[in-house]
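Participant: Mind having a look at this structure? Questions to follow.
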Amino acid sequence: MKTTDAQILIIGGGVMGVSLMYHLTKLGWGDVVLTEKNDLTHGSTWHAAGLCTHFAHNPTIQELRAASVRLYRDILPAETGDTCGFHRSGAMRITSNPDRMDEFAHVAGLSRFTGYDLQILTVDDIERLHPLARTEGLLGGIYEPDDGHVDPSLATNAMARVARKNGATILRYNPVTSIRREGGIWIAETEKGTVRAKHIVNAAGTWGWEVGHMIGLNIPSVPVLHQYLVTDTVSAVAERAEQGQPELAMIRDPEESWYVRQERDGLILGPYEKEAQPWSVDGCPPDFGADLMPPDLDRVEHIIMAAMERIPALGTGGIKSVVNGPITFTPDANPLIGPAHGLPNAWLLTGSSMGVMEGGGAGWFLAHWMTHDAPPMDALAVDSRRFGSWADRDYRVKKAVECFGLQFGVHYPHEERPAARNKRVSPIHDLLLERGAVMGAAFGWERPNWFGDRPGDEAVPSFRRSNWFQPVAQECATVTDAVGLADMSVFSKFEVSGPDARRFVDALGTNRAPVSGRIALTHALTPAGGVRSEFTVSALAADHFYLTSAAAAEDVDDDLLRTHADAFDVTLHRVTEDFGVLGLMGPKSRDVLAALTTADLSPGFPWLSVREITVAGIPVRALRMSYVGELGWELHVAVYRMQELFLALETAGKSHGLGLFGAYAMNAMRLEKGYRAWGSDLTTERTPEEAGVGFLIRLDHDFIGKAALTNRMGADDRWDMVLLDIEAGDVDPYYAHSVMRGDQIVGVVTSAAYGHRTDKTLALAYLRDRTARDQLEVEILGRRRSAIILPQVPFDPLSIRLKS
């Protein structure tokens, strides 16, 4: 059997894998091999409806889609001389739901920053753009003039032709039978021989779960059956074509859960039922390729009838064909793109429920990441490591069903979807529920968002102030006036020890390792100088450090730390589930803690110090720090004693007015101090200096990204993060709002909340125009509100309370 050596092996010949092959060869990669079980586009790509859109709630997802449109519409036809069958029809979404109009306004506002022209529609606009649609009961919609649809097979094969011209090898009808790693090389056994490659990519789509198991990964994706029907000739459509009128705009009704687009002189109708039908959850049939399931229109008959009521012409054409085939869904409906956790030089590019819509851009995204060791944009929404080992079969199936059913659901800010919860809980979870905790999820963990008046209270999702506004105000007041207690166990936690521990921490990021007994914050960078990760570093001893980071970064940071450790004589342990964390915050926190310990709490325990003390007879790793700007401690305790510690603190705190607080109150209070958050304010796209944490940069040591950071610090086009005080209104900002100065889009909000202690509406925002310092406005749900840059944080600017 033949042995092929390659720089990279891509498994899967759908639009995603072929796009990666295309983009890698454009970036100069040699020996690129793609192997496909059947033929190119088999699986899901070939039967896709080919819809392309710019509509998205996240800038990175939007750019994946926009890059796909540019590729199919402009770049590939120019390179190949052949059309990809792209039709720039435009597209609209219509609604009878006031909350949906808020959603449309938010997406339109975000799109002004990203540079895409999404327009809010009136009912009259809808009639003009789609004369076959009835408008009774509608409130309006949103229009995407550059949207369209493409022939998936033409686009995929066009990319394949360019890639082959650039030296890539495509092995068709060549299934992979096994994968192993030997001597730093991935070895894939296939029906036509052995392929040895430095890098391997799972782009298998429908077969992504099986290929994942071959390389030792549990891929959290599930094939789900989706149907659409194609009509025969529709006379109203044919008449428009005869008259030389333009193609009808695609139309989606998310309330009724369907889309319709023109197909020659007929129409395509795609319904999304609320109860999804998973298919081949634990592995696809071996002979499945360009195959379809029998039609099952009874499942979607009610949706078809609703669509015909909105577009009566649909009922005049008759059904020519029904497509019923699998598409893959991840637990959040976003694709899996990026490094495979724990596996060197293994990558994922799979799990996209919008494969054609996102495939062109997804290949560009991963090719950039592989080439530059960093993604081209913030990757949090697509990073393949955003789901951990807790995302088991039960989780991936239930979440895929939920996502399919909510394909057209309203995407509320702060939304918490209910399926497959309670995967990771702290030891005091049930106690918190008894006390009224309303839970959210973070990397599988349950954590309190806020506390209601009674057990069982639930958040009412909204783009406007919700039912948690007043409870959060009370939690902030408790922390400010007395003392608050919070479960902060979701932190990712690591320990590093050994002879090179200090050198390890020094080289990890922009800051130096703290001396024994002290705490420091450091930022690990990408080679381009962007913030890859943020760690709180506690020096337990000269050769023993305790690192904490964001919950969602656990697998990302585990990969980073283990790769970093290869160059040092250290021992690294992930201890996330070994320690629970209680945050004791507020002016009376010292009084509560003093009642339970003999440790010196002042002056022997200053701000940003760490001590191992005994509290209520329980060994505790106490960190004197506070994310809310008050005197306080993080108390890290062995999980098996966390409940005991919680009850002791609760009892000791009763006489001091102790109350519980959650993540929403913490977010509001940290914004009043201008504290940045990883994943929203701190991302790979911006340097720590641009993010306003340049005071933590020490240039007297070496770290990854130092040269790029130094160059960026002097660049005229560098961005600048500011804290904004926004004019009060009936809607509080949250994220992704455009910042404007006159007619110019000068920045974007990254995080925001109402500050209850300061009575201010606050937002952290990046200004991409650093000279725009006055006459600023923030657009929130279509309304501009004036904003001023605060010269200092509005709460305790000298940190007197924090350091007391």
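Following the order of the structure tokens, first chain is A, next is B, and so on, with residues numbered from 1 inside each chain and ligands from 1 in the order they appear.
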Looking only at alpha helix (DSSP H) from DSSP on the backbone, list the matching residues of range 424-604 of chain A as a PyMOL selection string.
Facilitator: chain A and resi 429-434+469-481+501-508+554-565+589-594
Participant: Which polymer residues have any atom within 10 Å of an atom of range 594-608 of chain A, counting only C-alpha atoms, with same-chain residues fewer than 5 positions away left out, as JSON, numbers by chain?
Facilitator: {"A": [514, 517, 518, 519, 520, 521, 538, 588, 589, 613, 614, 615, 616, 617, 618, 622, 623, 624, 625, 626, 631, 632, 633, 645, 648, 649, 652, 653, 802, 803, 804]}
Participant: Between A:Met92, A:Leu139, A:Ala691, A:Ala772, which is the closest to Gly530 in chain A once you count only C-alpha atoms?
Facilitator: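 Smallest distance to Gly530 in chain A is found for A:Ala691.
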Participant: Need to verify the contact set: Ala528 in chain A, 10 Å, only C-alpha atoms, exclusion of same-chain residues closer than 5 positions in sequence. Can you return it as a list in words?
Facilitator: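 Non-adjacent residues within range: His372, Asp373, Ala374, Pro375, Pro376, Thr684, Glu685, Arg686, Thr687, Ile704, Gly705, Lys706, Ala707, Ala708, Leu709, Asn711 and Arg712 of chain A.
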Participant: A:Met159, A:Val515, A:Ala379, A:Ala486: which is nearest Val628 in chain A, counting only C-alpha atoms?
Facilitator: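 Ranked by minimum distance to Val628 in chain A, first place goes to A:Ala486.
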Participant: Using only C-alpha atoms, can you tell me which of A:Ile319, A:Val731, A:Ala513, A:Val693 comes closest to Thr761 in chain A?
Facilitator: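 Checking each candidate against Thr761 in chain A, we get A:Val731 as the closest.
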Participant: Might you pull out every residue within 12 Å of Asp730 in chain A, with only C-alpha atoms counted and same-chain residues fewer than 6 positions away left off, and present them as a ChimeraX atom specification?
Facilitator: /A:463-466,754,761,780-781,783,785
Participant: Per residue of range 141-255 of chain A within 9 Å of range 46-50 of chain A, which atom pair is closest and at what distance in Å (one decimal), using only C-alpha atoms, listed by chain and increasing number, as a tab-separated table?
Facilitator:
```
residue	atom	partner	partner_atom	distance
A:Gly148	CA	A:Gly50	CA	8.5
A:His149	CA	A:Gly50	CA	5.1
A:Val150	CA	A:Gly50	CA	4.9
A:Asp151	CA	A:Gly50	CA	5.9
A:Pro152	CA	A:Gly50	CA	5.7
A:Ser153	CA	A:Trp46	CA	5.8
A:Tyr228	CA	A:Ala49	CA	8.0
```
Participant: Set the distance at 9 Å and use only C-alpha atoms: which residues neighbour range 232-244 of chain A once local chain neighbours fewer than 3 positions away are removed? I'd like the list as a PyMOL selection string.
Facilitator: chain A and resi 132+247-248+262+264-267+313-321
Participant: Residues at most 12 Å from Asp124 in chain A, counting only C-alpha atoms, excluding those fewer than 6 positions away in the same chain, as an NGL selection string?
Facilitator: :A and (94 or 130-131 or 133-136 or 138-141)
Participant: Between CA of Gly359 in chain A and CA of Ala333 in chain A, what distance in Å does the model show, to one decimal?
Facilitator: 14.0 Å
Participant: List as a ChimeraX atom specification the protein and nucleic acid residues near Pro733 in chain A, meaning an atom at most 12 Å away when only C-alpha atoms are counted, but skip any in the same chain fewer than 4 places from it.
Facilitator: /A:106,109,413-414,462-465,668,724-729,737-739,748-755,760-765,778-785,787
Participant: Identify which of the residues A:His23, A:Arg112, A:Lys37, A:His213 lies closest to Leu171 in chain A, counting only C-alpha atoms when measuring atom-to-atom distances.
Facilitator: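 The closest residue to Leu171 in chain A is A:Lys37.
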Participant: Compare A:Val505, A:Met250, A:Val410, A:Leu217 by their minimum atom-to-atom distance to Pro461 in chain A, counting only C-alpha atoms, and give me the closest one.
Facilitator: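 That would be A:Val410, the residue with the smallest distance to Pro461 in chain A.
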Participant: Figure out the distance between CA of Val592 in chain A and CA of Gly659 in chain A, please, to one decimal in Å.
Facilitator: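 Value for the CA of Gly659 in chain A-CA of Val592 in chain A distance: 12.0 Å.
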Participant: Apply DSSP to the backbone of this structure and, from range 584-746 of chain A, keep only the residues in strand (DSSP E); write these as JSON, numbers by chain.
Facilitator: {"A": [584, 585, 610, 611, 612, 613, 614, 615, 618, 619, 620, 621, 622, 623, 632, 633, 634, 635, 636, 637, 638, 658, 659, 660, 720, 721, 722, 723, 724, 725, 726, 738, 739, 740, 741, 744, 745, 746]}
Participant: So, with only C-alpha atoms as the atoms that count, which of A:Cys476, A:Val18, A:Leu547, A:Val32 lies closest to Ser497 in chain A?
Facilitator: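 Closest to Ser497 in chain A, using only C-alpha atoms: A:Leu547.
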Participant: So how far away is CA of Gln227 in chain A from CA of Tyr173 in chain A, in Å?
Facilitator: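 Between these atoms lies a distance of 26.6 Å.
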